[in-house]
Each structure stands twice: as C-alpha cells, then as structure tokens.
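The file entry-v3.cif contains mmCIF, C-alpha atoms:
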data_final
loop_
_atom_site.label_atom_id
_atom_site.label_comp_id
_atom_site.auth_asym_id
_atom_site.auth_seq_id
_atom_site.Cartn_x
_atom_site.Cartn_y
_atom_site.Cartn_z
CA MET A 26 0.00 0.00 0.00
CA HIS A 27 2.38 2.64 1.15
CA SER A 28 4.89 2.25 -1.59
CA LEU A 29 2.58 3.02 -4.49
CA LYS A 30 1.99 6.12 -6.53
CA LEU A 31 -1.70 6.72 -5.90
CA SER A 32 -2.65 7.18 -9.54
CA THR A 33 -1.43 3.72 -10.51
CA THR A 34 -2.81 1.55 -7.72
CA LEU A 35 -5.00 -1.40 -8.71
CA ILE A 36 -4.23 -1.03 -12.40
CA MET A 37 -2.44 -4.32 -12.33
CA ASN A 38 -5.29 -6.43 -10.93
CA ASN A 39 -6.20 -7.98 -14.24
CA LYS A 40 -2.99 -7.53 -16.16
CA LYS A 41 -0.66 -10.48 -16.25
CA ILE A 42 2.96 -9.46 -15.86
CA PRO A 43 5.37 -11.82 -17.65
CA ILE A 44 7.89 -13.30 -15.25
CA PRO A 45 10.81 -15.66 -15.83
CA SER A 46 9.63 -19.20 -16.57
CA PRO A 47 11.07 -21.99 -14.44
CA SER A 48 13.83 -23.94 -16.19
CA PRO A 49 16.65 -26.30 -15.27
CA SER A 50 18.93 -23.25 -15.00
CA PRO A 51 17.73 -20.29 -12.88
CA PRO A 52 17.98 -16.89 -14.54
CA LEU A 53 20.84 -15.46 -12.50
CA ALA A 54 22.93 -18.10 -10.81
CA PRO A 55 22.91 -21.84 -10.07
CA PRO A 56 20.68 -22.70 -7.14
CA THR A 57 22.23 -23.59 -3.83
CA PRO A 58 22.43 -27.26 -2.81
CA GLN A 59 19.57 -26.59 -0.44
CA LEU A 60 17.30 -25.66 -3.34
CA ILE A 61 18.48 -28.57 -5.49
CA SER A 62 17.53 -31.03 -2.77
CA LYS A 63 13.95 -29.82 -2.59
CA THR A 64 11.26 -31.48 -4.66
CA LEU A 65 9.35 -29.10 -6.90
CA LEU A 66 5.78 -28.76 -5.78
CA LYS A 67 3.08 -29.16 -8.40
CA PRO A 68 -0.50 -28.01 -8.10
CA THR A 69 -3.21 -30.64 -7.98
CA SER A 70 -5.18 -31.22 -11.17
CA THR A 71 -8.56 -30.91 -9.43
CA PRO A 72 -8.55 -28.08 -6.89
CA LYS A 73 -10.67 -28.67 -3.81
CA TRP A 74 -12.26 -25.60 -2.26
CA LEU A 75 -12.85 -25.53 1.48
CA PRO A 76 -14.51 -22.95 3.77
CA LEU A 77 -12.12 -20.61 5.60
CA ASN A 78 -14.81 -19.55 8.09
CA LEU A 79 -14.33 -15.87 7.27
CA SER A 80 -17.12 -13.61 6.10
CA LYS A 81 -16.63 -10.81 3.60
CA SER A 82 -16.81 -8.32 6.45
CA GLU A 83 -13.74 -9.99 7.99
CA LEU A 84 -11.81 -10.39 4.73
CA SER A 85 -12.48 -8.63 1.44
CA LEU A 86 -10.01 -10.00 -1.09
CA PRO A 87 -10.22 -7.02 -3.52
CA LEU A 88 -9.65 -4.58 -0.63
CA THR A 89 -6.74 -6.54 0.84
CA PHE A 90 -4.52 -7.99 -1.89
CA PRO A 91 -4.27 -5.39 -4.66
CA THR A 92 -3.91 -2.38 -2.35
CA GLY A 93 -0.13 -2.36 -1.95
CA GLN A 94 0.59 -4.57 1.05
CA THR A 95 2.03 -7.36 -1.07
CA PHE A 96 2.97 -7.70 -4.73
CA ARG A 97 3.13 -11.50 -4.83
CA TRP A 98 -0.57 -12.33 -5.03
CA LYS A 99 -2.32 -12.34 -8.42
CA GLN A 100 -5.96 -12.06 -9.38
CA THR A 101 -6.82 -15.43 -10.93
CA GLY A 102 -10.57 -15.03 -11.18
CA PRO A 103 -13.35 -12.42 -10.79
CA LEU A 104 -13.21 -12.66 -6.98
CA GLN A 105 -10.23 -14.98 -6.68
CA TYR A 106 -6.60 -14.33 -5.72
CA THR A 107 -3.68 -16.75 -5.66
CA GLY A 108 -0.31 -16.55 -3.99
CA PRO A 109 2.40 -18.32 -2.00
CA VAL A 110 2.40 -18.62 1.76
CA GLY A 111 5.80 -20.07 2.60
CA SER A 112 6.09 -23.27 0.59
CA HIS A 113 2.34 -23.49 -0.01
CA LEU A 114 0.48 -22.28 -3.09
CA ILE A 115 -3.00 -21.14 -2.12
CA SER A 116 -6.02 -19.60 -3.82
CA LEU A 117 -8.74 -17.65 -2.06
CA LYS A 118 -12.13 -16.69 -3.46
CA HIS A 119 -15.44 -15.25 -2.40
CA LEU A 120 -18.50 -17.48 -2.54
CA PRO A 121 -21.81 -16.02 -3.78
CA ASN A 122 -22.77 -15.17 -0.17
CA GLY A 123 -19.45 -13.36 0.33
CA ASP A 124 -17.80 -15.97 2.55
CA VAL A 125 -14.18 -16.83 1.78
CA SER A 126 -13.05 -20.29 0.66
CA TYR A 127 -9.54 -21.55 0.03
CA CYS A 128 -7.78 -24.08 -2.18
CA LEU A 129 -4.41 -25.68 -1.45
CA HIS A 130 -2.77 -26.34 -4.80
CA SER A 131 0.34 -28.13 -3.61
CA SER A 132 -0.44 -29.92 -0.35
CA SER A 133 -1.09 -33.66 -0.48
CA SER A 134 -0.71 -35.24 2.99
CA SER A 135 -3.03 -34.37 5.86
CA SER A 136 -0.11 -32.99 7.87
CA SER A 137 0.90 -30.77 4.96
CA LYS A 138 -2.65 -29.51 4.61
CA ALA A 139 -2.86 -28.72 8.30
CA GLU A 140 0.47 -26.90 8.14
CA ALA A 141 -0.67 -24.92 5.10
CA LEU A 142 -3.93 -23.89 6.78
CA MET A 143 -2.07 -22.81 9.90
CA ALA A 144 0.34 -20.75 7.79
CA LEU A 145 -2.57 -19.18 5.90
CA ARG A 146 -4.42 -18.23 9.06
CA ASP A 147 -1.25 -16.61 10.39
CA PHE A 148 -0.64 -14.77 7.11
CA LEU A 149 -4.19 -13.38 7.18
CA ASN A 150 -3.89 -12.21 10.80
CA MET A 151 -6.96 -14.28 11.61
CA GLY A 152 -6.28 -14.01 15.33
CA ILE A 153 -7.55 -10.44 15.11
CA CYS A 154 -11.31 -9.88 14.82
CA LEU A 155 -11.74 -7.08 12.32
CA SER A 156 -15.27 -6.20 13.35
CA ASP A 157 -14.15 -5.66 16.95
CA VAL A 158 -11.29 -3.40 15.84
CA TRP A 159 -13.54 -1.41 13.52
CA GLU A 160 -16.13 -0.95 16.24
CA VAL A 161 -13.50 0.92 18.26
CA PHE A 162 -12.56 3.04 15.22
CA SER A 163 -16.17 3.87 14.43
CA ALA A 164 -16.86 4.94 18.00
CA SER A 165 -14.08 7.53 17.82
CA ASP A 166 -14.63 8.70 14.24
CA SER A 167 -18.02 9.18 12.57
CA ARG A 168 -16.40 9.45 9.14
CA PHE A 169 -14.72 6.07 9.61
CA ALA A 170 -18.03 4.61 10.75
CA GLU A 171 -19.59 5.68 7.46
CA LEU A 172 -16.65 4.43 5.39
CA ALA A 173 -16.81 1.07 7.16
CA GLY A 174 -20.13 0.41 5.49
CA HIS A 175 -18.45 0.59 2.07
CA LEU A 176 -14.97 -0.81 2.77
CA GLY A 177 -15.69 -3.76 5.04
CA GLY A 178 -13.09 -6.50 5.14
CA ALA A 179 -9.96 -4.43 4.38
CA ARG A 180 -7.53 -6.47 6.45
CA VAL A 181 -3.83 -5.98 7.26
CA LEU A 182 -1.68 -9.00 6.41
CA ARG A 183 1.06 -10.60 8.53
CA GLN A 184 3.77 -11.34 6.02
CA ASP A 185 7.13 -13.05 6.34
CA PRO A 186 9.53 -10.24 7.37
CA LEU A 187 12.24 -11.05 4.78
CA GLU A 188 9.67 -11.23 1.99
CA CYS A 189 8.05 -7.98 3.11
CA LEU A 190 11.42 -6.22 3.45
CA MET A 191 12.56 -7.17 -0.04
CA GLN A 192 9.26 -6.09 -1.59
CA PHE A 193 9.40 -2.64 -0.01
CA LEU A 194 13.05 -2.18 -0.95
CA CYS A 195 11.78 -2.52 -4.53
CA SER A 196 9.08 0.07 -3.85
CA SER A 197 11.15 3.19 -3.23
CA ASN A 198 10.35 5.97 -5.73
CA ASN A 199 8.51 3.45 -7.84
CA ASN A 200 5.11 2.57 -9.31
CA ILE A 201 3.09 -0.60 -8.96
CA GLN A 202 3.93 -1.98 -12.41
CA ARG A 203 7.69 -1.75 -11.91
CA ILE A 204 7.48 -2.93 -8.31
CA THR A 205 5.56 -6.00 -9.42
CA LYS A 206 8.10 -6.82 -12.13
CA MET A 207 10.99 -6.52 -9.67
CA VAL A 208 9.24 -8.63 -7.05
CA ASN A 209 8.39 -11.24 -9.69
CA PHE A 210 12.05 -11.36 -10.69
CA ILE A 211 13.25 -11.89 -7.13
CA SER A 212 10.51 -14.43 -6.45
CA SER A 213 11.46 -16.45 -9.52
CA LEU A 214 14.76 -17.33 -7.81
CA GLY A 215 12.88 -19.52 -5.33
CA ASN A 216 11.40 -22.99 -5.75
CA TYR A 217 8.69 -23.27 -8.39
CA LEU A 218 5.32 -24.01 -6.78
CA GLY A 219 2.97 -24.15 -9.75
CA THR A 220 0.99 -22.23 -12.33
CA VAL A 221 -2.56 -20.93 -11.91
CA GLU A 222 -4.40 -19.17 -14.74
CA GLY A 223 -1.16 -18.43 -16.55
CA PHE A 224 0.66 -17.01 -13.53
CA GLU A 225 3.73 -18.85 -12.25
CA PHE A 226 4.36 -18.90 -8.51
CA HIS A 227 7.50 -19.52 -6.49
CA GLU A 228 8.45 -19.90 -2.87
CA PHE A 229 10.31 -16.78 -1.79
CA PRO A 230 14.07 -17.36 -2.12
CA SER A 231 16.18 -17.98 0.95
CA LEU A 232 18.63 -15.42 2.25
CA GLU A 233 21.43 -17.68 1.04
CA ARG A 234 19.97 -17.76 -2.45
CA LEU A 235 19.58 -14.00 -2.50
CA SER A 236 23.21 -13.61 -1.50
CA SER A 237 24.29 -15.26 -4.75
CA VAL A 238 22.77 -12.44 -6.82
CA ALA A 239 25.23 -9.70 -7.79
CA GLU A 240 24.29 -6.03 -7.80
CA GLN A 241 25.09 -5.79 -11.51
CA GLU A 242 22.70 -8.63 -12.29
CA LEU A 243 19.89 -6.78 -10.56
CA ARG A 244 20.77 -3.55 -12.37
CA GLU A 245 20.60 -5.37 -15.68
CA ALA A 246 17.16 -6.64 -14.65
CA GLY A 247 15.94 -3.05 -14.23
CA PHE A 248 16.32 -2.48 -10.48
CA GLY A 249 18.42 0.66 -10.86
CA TYR A 250 19.84 2.13 -7.64
CA ARG A 251 17.65 -0.26 -5.63
CA ALA A 252 20.03 -3.07 -6.59
CA LYS A 253 22.67 -1.85 -4.13
CA TYR A 254 20.08 -1.61 -1.38
CA ILE A 255 18.98 -5.21 -1.91
CA THR A 256 22.49 -6.69 -2.06
CA GLY A 257 23.65 -4.49 0.82
CA THR A 258 20.71 -5.48 3.00
CA VAL A 259 21.19 -9.17 2.25
CA LYS A 260 24.86 -8.92 3.17
CA LEU A 261 24.08 -7.10 6.41
CA LEU A 262 21.40 -9.61 7.37
CA GLN A 263 23.82 -12.47 6.81
CA SER A 264 26.22 -10.87 9.26
CA LYS A 265 23.66 -10.79 12.07
CA HIS A 266 24.45 -12.98 15.05
CA GLY A 267 22.09 -15.94 15.02
CA GLY A 268 21.03 -15.28 11.43
CA GLY A 269 19.24 -12.54 9.52
CA LEU A 270 15.83 -14.24 9.55
CA GLU A 271 15.96 -14.67 13.31
CA TRP A 272 17.01 -11.03 13.70
CA LEU A 273 14.05 -9.83 11.63
CA LEU A 274 11.61 -12.02 13.55
CA SER A 275 13.00 -10.72 16.85
CA LEU A 276 11.80 -7.23 15.90
CA ARG A 277 8.24 -8.42 16.53
CA LYS A 278 9.05 -8.45 20.25
CA LEU A 279 10.33 -4.87 20.39
CA ASP A 280 8.52 -1.59 20.90
CA LEU A 281 7.66 0.21 17.67
CA ASP A 282 10.38 2.86 18.05
CA GLU A 283 13.00 0.17 18.64
CA ALA A 284 11.82 -1.88 15.65
CA ILE A 285 11.87 1.18 13.39
CA ALA A 286 15.35 2.14 14.60
CA ALA A 287 16.61 -1.36 13.85
CA LEU A 288 15.12 -1.35 10.35
CA LEU A 289 16.67 2.04 9.62
CA THR A 290 20.12 0.45 9.91
CA LEU A 291 19.43 -1.51 6.71
CA PRO A 292 20.55 0.01 3.38
CA GLY A 293 17.75 1.80 1.54
CA VAL A 294 15.25 1.69 4.41
CA GLY A 295 13.87 5.12 5.31
CA PRO A 296 11.21 5.96 7.92
CA LYS A 297 8.21 5.36 5.67
CA VAL A 298 9.49 2.04 4.28
CA ALA A 299 10.40 0.95 7.82
CA ALA A 300 6.86 1.73 8.98
CA CYS A 301 5.42 -0.34 6.12
CA ILE A 302 7.57 -3.32 7.05
CA ALA A 303 6.69 -2.90 10.73
CA LEU A 304 2.96 -2.74 10.03
CA PHE A 305 2.73 -5.51 7.42
CA SER A 306 5.09 -8.08 8.94
CA LEU A 307 6.26 -7.24 12.47
CA ASP A 308 3.01 -7.00 14.47
CA GLN A 309 3.49 -3.25 14.95
CA HIS A 310 -0.19 -2.53 14.47
CA HIS A 311 0.06 1.16 15.30
CA ALA A 312 2.85 1.87 12.80
CA ILE A 313 1.87 4.74 10.47
CA PRO A 314 3.73 5.00 7.13
CA VAL A 315 3.60 8.75 6.48
CA ASP A 316 3.91 9.98 2.91
CA THR A 317 2.21 12.54 0.69
CA HIS A 318 -1.18 10.83 0.69
CA VAL A 319 -1.26 10.07 4.40
CA TRP A 320 -0.22 13.67 5.06
CA GLN A 321 -3.17 14.90 2.98
CA ILE A 322 -5.54 12.61 4.89
CA ALA A 323 -4.16 13.87 8.19
CA THR A 324 -4.40 17.58 7.32
CA ARG A 325 -7.98 17.16 6.08
CA HIS A 326 -9.32 15.13 8.98
CA LEU A 327 -6.92 15.07 11.95
CA LEU A 328 -4.61 18.10 11.84
CA PRO A 329 -6.33 20.78 9.73
CA GLU A 330 -4.18 23.45 11.36
CA LEU A 331 -1.16 22.03 9.49
CA ALA A 332 -2.67 22.38 6.01
CA GLY A 333 -0.18 24.25 3.84
CA ALA A 334 2.81 23.39 6.02
CA ARG A 335 5.93 21.75 4.64
CA LEU A 336 6.21 18.10 5.66
CA THR A 337 9.28 17.47 7.78
CA PRO A 338 10.48 14.46 9.81
CA LYS A 339 9.15 16.18 12.93
CA LEU A 340 5.71 16.60 11.35
CA CYS A 341 5.79 12.97 10.21
CA SER A 342 6.05 12.02 13.88
CA ARG A 343 3.21 14.38 14.72
CA VAL A 344 0.99 12.79 12.05
CA ALA A 345 1.73 9.30 13.35
CA GLU A 346 0.96 10.45 16.88
CA ALA A 347 -2.35 11.97 15.75
CA PHE A 348 -3.43 8.66 14.19
CA VAL A 349 -2.55 6.73 17.35
CA ASN A 350 -4.33 9.25 19.58
CA LYS A 351 -7.44 8.95 17.40
CA TYR A 352 -7.56 5.22 16.72
CA GLY A 353 -5.47 3.52 19.40
CA LYS A 354 -3.26 0.45 19.26
CA TYR A 355 -4.52 -0.63 15.82
CA ALA A 356 -4.09 2.83 14.29
CA GLY A 357 -2.15 1.36 11.36
CA TRP A 358 -5.21 -0.67 10.39
CA ALA A 359 -7.39 2.46 10.45
CA GLN A 360 -4.89 4.37 8.36
CA THR A 361 -4.89 1.49 5.86
CA VAL A 362 -8.65 1.84 5.37
CA LEU A 363 -8.46 5.63 5.03
CA PHE A 364 -5.72 5.21 2.43
CA ILE A 365 -7.78 2.67 0.46
CA ALA A 366 -10.66 5.15 0.44
CA GLU A 367 -8.38 7.57 -1.45
CA LEU A 368 -7.64 5.14 -4.28
CA PRO A 369 -9.24 6.10 -7.62
CA SER A 370 -10.94 2.71 -7.92
CA GLN A 371 -12.65 3.19 -4.57
CA LYS A 372 -13.49 6.86 -5.01
CA ALA A 373 -15.43 5.84 -8.11
CA ILE A 374 -17.83 3.73 -6.05
CA LEU A 375 -17.94 5.66 -2.77
CA PRO A 376 -20.60 8.34 -2.21
CA SER A 377 -19.53 11.63 -3.77
CA HIS A 378 -19.16 13.52 -0.48
CA PHE A 379 -16.15 11.34 0.41
CA SER A 380 -14.16 12.82 -2.47
CA ASN A 381 -15.28 16.44 -2.36
CA ALA A 382 -12.08 17.63 -0.67
CA LYS A 383 -9.51 18.80 -3.17
CA PRO A 384 -5.81 18.43 -2.33
CA ASN A 385 -3.65 21.54 -2.44
CA LYS A 386 -1.41 20.94 -5.45
CA SER A 387 1.30 23.32 -4.28
CA VAL A 388 1.48 21.56 -0.94
CA LYS A 389 1.72 18.20 -2.68
CA ARG A 390 4.62 19.44 -4.79
CA LYS A 391 6.53 20.70 -1.73
CA ILE A 392 5.95 17.48 0.17
CA THR A 393 7.16 15.36 -2.73
CA GLU A 394 10.34 17.38 -3.03
CA THR A 395 10.97 17.09 0.71
CA ASN A 396 10.45 13.35 0.73
CA ILE A 397 12.82 12.71 -2.14
CA ALA A 398 15.44 15.08 -0.77
CA GLU A 399 15.68 13.21 2.54
CA ASP A 400 17.10 9.93 1.30
CA GLY A 401 15.59 9.08 -2.06
CA THR A 402 13.44 6.29 -0.65
CA GLU A 403 10.35 7.92 0.75
CA GLU A 404 8.01 8.87 -2.08
CA ARG A 405 5.18 6.37 -2.45
#
Kindly present the structure from the file in structure tokens form.
Amino acid sequence: MHSLKLSTTLIMNNKKIPIPSPSPSPPLAPPTPQLISKTLLKPTSTPKWLPLNLSKSELSLPLTFPTGQTFRWKQTGPLQYTGPVGSHLISLKHLPNGDVSYCLHSSSSSSSKAEALMALRDFLNMGICLSDVWEVFSASDSRFAELAGHLGGARVLRQDPLECLMQFLCSSNNNIQRITKMVNFISSLGNYLGTVEGFEFHEFPSLERLSSVAEQELREAGFGYRAKYITGTVKLLQSKHGGGLEWLLSLRKLDLDEAIAALLTLPGVGPKVAACIALFSLDQHHAIPVDTHVWQIATRHLLPELAGARLTPKLCSRVAEAFVNKYGKYAGWAQTVLFIAELPSQKAILPSHFSNAKPNKSVKRKITETNIAEDGTEER
C-alpha cells in the first residue's frame, strides 16, 4: 500500500505481468544445494475448495490484496486471488454469499494440509477480529463509521519479514507496475510451486539464495539504484548474530520505536518504508507510514491546522501520533482503510461527499520534493 503512486494503484489487478519461466537453470545463478535437494511442488489437477470460516466483512479479497501490502498475489478469477504462503500455493475466493473459501494447490498429505492452513491463518492475521477493531474506530470517528459500510473486510496482512522487506526495498520511488516486475524477478529465484491461470508462482528465495545475486545482475534486470540496497541489506542480514531471519523475527518483540530504529540500519530503508515493514510483517499494528497521501488525509481530517505546512520528519512524527491518539493500538489498520478510500478505484464507487475535498497541489509538490530530498526512498 504505502509504496505506491496513488494514480497507478489497482491497475495491475487484471494484467498479467510476464515473469521468468522456471527452467533447469535459474535466470541469474545456479541454485544452492539446499534448493536442489527440494522437490518441486506441483498443483493438484482438481482443486478442492474448502470454507475458511471468514465472512466478507472480515476479509475482502479485492480490498486486501491489490492495495499495496504485497505484490506476490495475483488475481486469478473475478473474486479470486492466488499466492504463495511459505512453501504453499493457495487460492482464495469469495463465494456467492461473500464468505471466503480456500484451495491448497500443492499440499497432499493431511499434515501438509494442516500446516498450510495454519500458515494461511497466520498470514491473514486471523487471530484479530476485524469487526471488533472497527467498532472501536467507528466509536471515535463518525467518518470512519460511514466508510466502514463501504470498505468492510480491508484487512492488514502478517507477512514473512524477509519477503516484506525485499518487496518494499523494490518500492522506493517506484510505481506498482515496476514494483511487481521486480518482485516477480526476485521471487522467480525460489522454488517453483505451480501455475494458476497463466501465472507462475515460487516460494520466496532464501537469504542464502539472495546472497548469490550480484548487484550488476539486478541492475541489468531493471532495479536501478535499488540493486545496491537489496544486495547491501542481504549482506548485512547475513552478518547478524544468530542469522538474519531470526534477527528480523525478533523485531516483533520490540517496541515500535525500537523496531523502526533497527530497520533504519538496513541500506535503503527510510522511515516510511520501515513503517510499512513494521505494520505488514512485524506485528506493529500502530505503525503509520507517512507519505504525501497520508499527510493529505491527516491535514484534512486530523490536523487541519497544518494544512499548507511543509512536511518534515518532525511533522511525520506528529501525524503518526495523531493517528494513534485517534484510533489507538490498531491505528495502522485504520490508516490502511483511510488510504484505500483515497484510491481512484474506490473513489469511483464511494458516495460523492467522500471525495469532495480537493488536495492543495502546491502543498503536494513541496511534500514530494521534501520526501525525495531526505534519502531518495520515501516517495510512495
């Protein structure tokens, strides 16, 4: 969500982006022995759909997957999305009554199916009751209460931290089409899981596999200056005592400020990208990724006295604080919904009074310049 340019969000829902096809030789470098030893997973020929016991009000697929939290899930049907969760390839779809069902494409044994379902429930943050959270938001904000009737089921995901980190490193100063191509390229380095409706899916590559990719190879693949951030971050993670994956997972146990500070030590990670990673993978539910669009939301509805001001790091902190004061410990979830309401695809179907406010173009220009000037990574 927070890495997109607003005018391009959701364009890619129905457009299939070509990605490298699986072959005996991976596109950049030979796979590690660990990858060679794994058996390629193939989707079943007759998918079996099972109830997930989630209503549309608890999970709306169109309001969750194509809104910028992840770039690895593809729309494979009118109300169906498919993607990898760890080593599992899974499709989700809405039934006619709105309930969500799931299909495990690559799990055969009962233990594997149980493991896949557990991983899926974790990925979807199913331990959090969305209706309970939204009831708190609605009680403190009448505008949110009205929006909730139109945007029910917009859920925040709980992604693998390494996967989330790499995706948002691709997102800096970028648009959704290029982000998706870059993420597809990195994903293609992992084990092939299967093909659904013409889209090929892979398990996300290991840190070891990522370390075999040279910066120049990424530049040749179109990553630009982001290539050095990816290779630099991978190298730094590998140097962490106990392992980079363990270090990332340990950030879930820290306070938000501590987790953000730790993420900021990684190459290419600025405050906004760090907040995205914290919110979408580290259980930091009150993290607020502040950029141009969130600033506009804040000055219209939370801090009108700041309209026309120049966005600075200090004001970014003030915006985040305003969201938390208004919405509480799940403020990041509320901000996600307010952001989705600003997307062109949603404005087209929301009542007109939700889009009557016109952004100040001169303010937007100043904010954009400020964001880029800070470290080159902060413009969504």
>> Could you tell me, as JSON, numbers by chain, exactly which residues end up selected when the PyMOL selection byres ((chain A and resi 154) around 12) is applied to this structure?
In response: {"A": [79, 80, 82, 83, 84, 149, 150, 151, 152, 153, 155, 156, 157, 158, 159, 160, 161, 178, 179, 180, 181, 355, 358]}
>> Taking 5 positions as the minimum chain separation for residues in the same chain, which residues sit within 12 Å of Asn209 in chain A when counting all atoms listed in the file? Answer as a PyMOL selection string.
In response: chain A and resi 41-46+95-99+108+188+191-192+195+201-204+214-215+224-230+246+248
> Counting all atoms listed in the file, which of A:Ile322, A:Leu114, A:Ile211, A:Cys341 gets nearest to Pro296 in chain A?
Replying inline: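 Counting all atoms listed in the file, the residue closest to Pro296 in chain A is A:Cys341.
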> Do you know which residues the PyMOL selection byres ((chain A and resi 275-282) around 9) returns on this file, as a PyMOL selection string?
Replying inline: chain A and resi 270-274+283-288+300+303+306-312
>> Please compute the CA of His318 in chain A-CA of Leu176 in chain A distance, one decimal, in Å.
In response: 18.2 Å
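Residues selected in this file by the PyMOL selection byres ((chain A and resi 315) around 8) comprise Lys297, Ile313, Pro314, Asp316, Thr317, His318, Val319, Trp320, Cys341, Val344 and Ala345 of chain A.
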>> Quick check, in Å to one decimal: how far apart do CA of Asp166 in chain A and CA of Asn78 in chain A lie?
In response: 28.9 Å
>> Calculated over all atoms listed in the file, which of the candidates A:Cys189, A:Asn198, A:His175, A:Lys73 has the smallest distance to Phe379 in chain A?
In response: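 Counting all atoms listed in the file, the residue closest to Phe379 in chain A is A:His175.
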>> If I take CA of Ser112 in chain A and CA of Ala141 in chain A, how far is one from the other in Å, to one decimal?
In response: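 We find that CA of Ser112 in chain A and CA of Ala141 in chain A lie 8.3 Å from each other.
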> Can you list, as a PyMOL selection string, every protein, DNA or RNA residue that comes within 9 Å of range 259-266 of chain A when you count only C-alpha atoms, leaving out same-chain residues fewer than 5 positions away?
Replying inline: chain A and resi 232-233+235-236+254+271-273+291-292
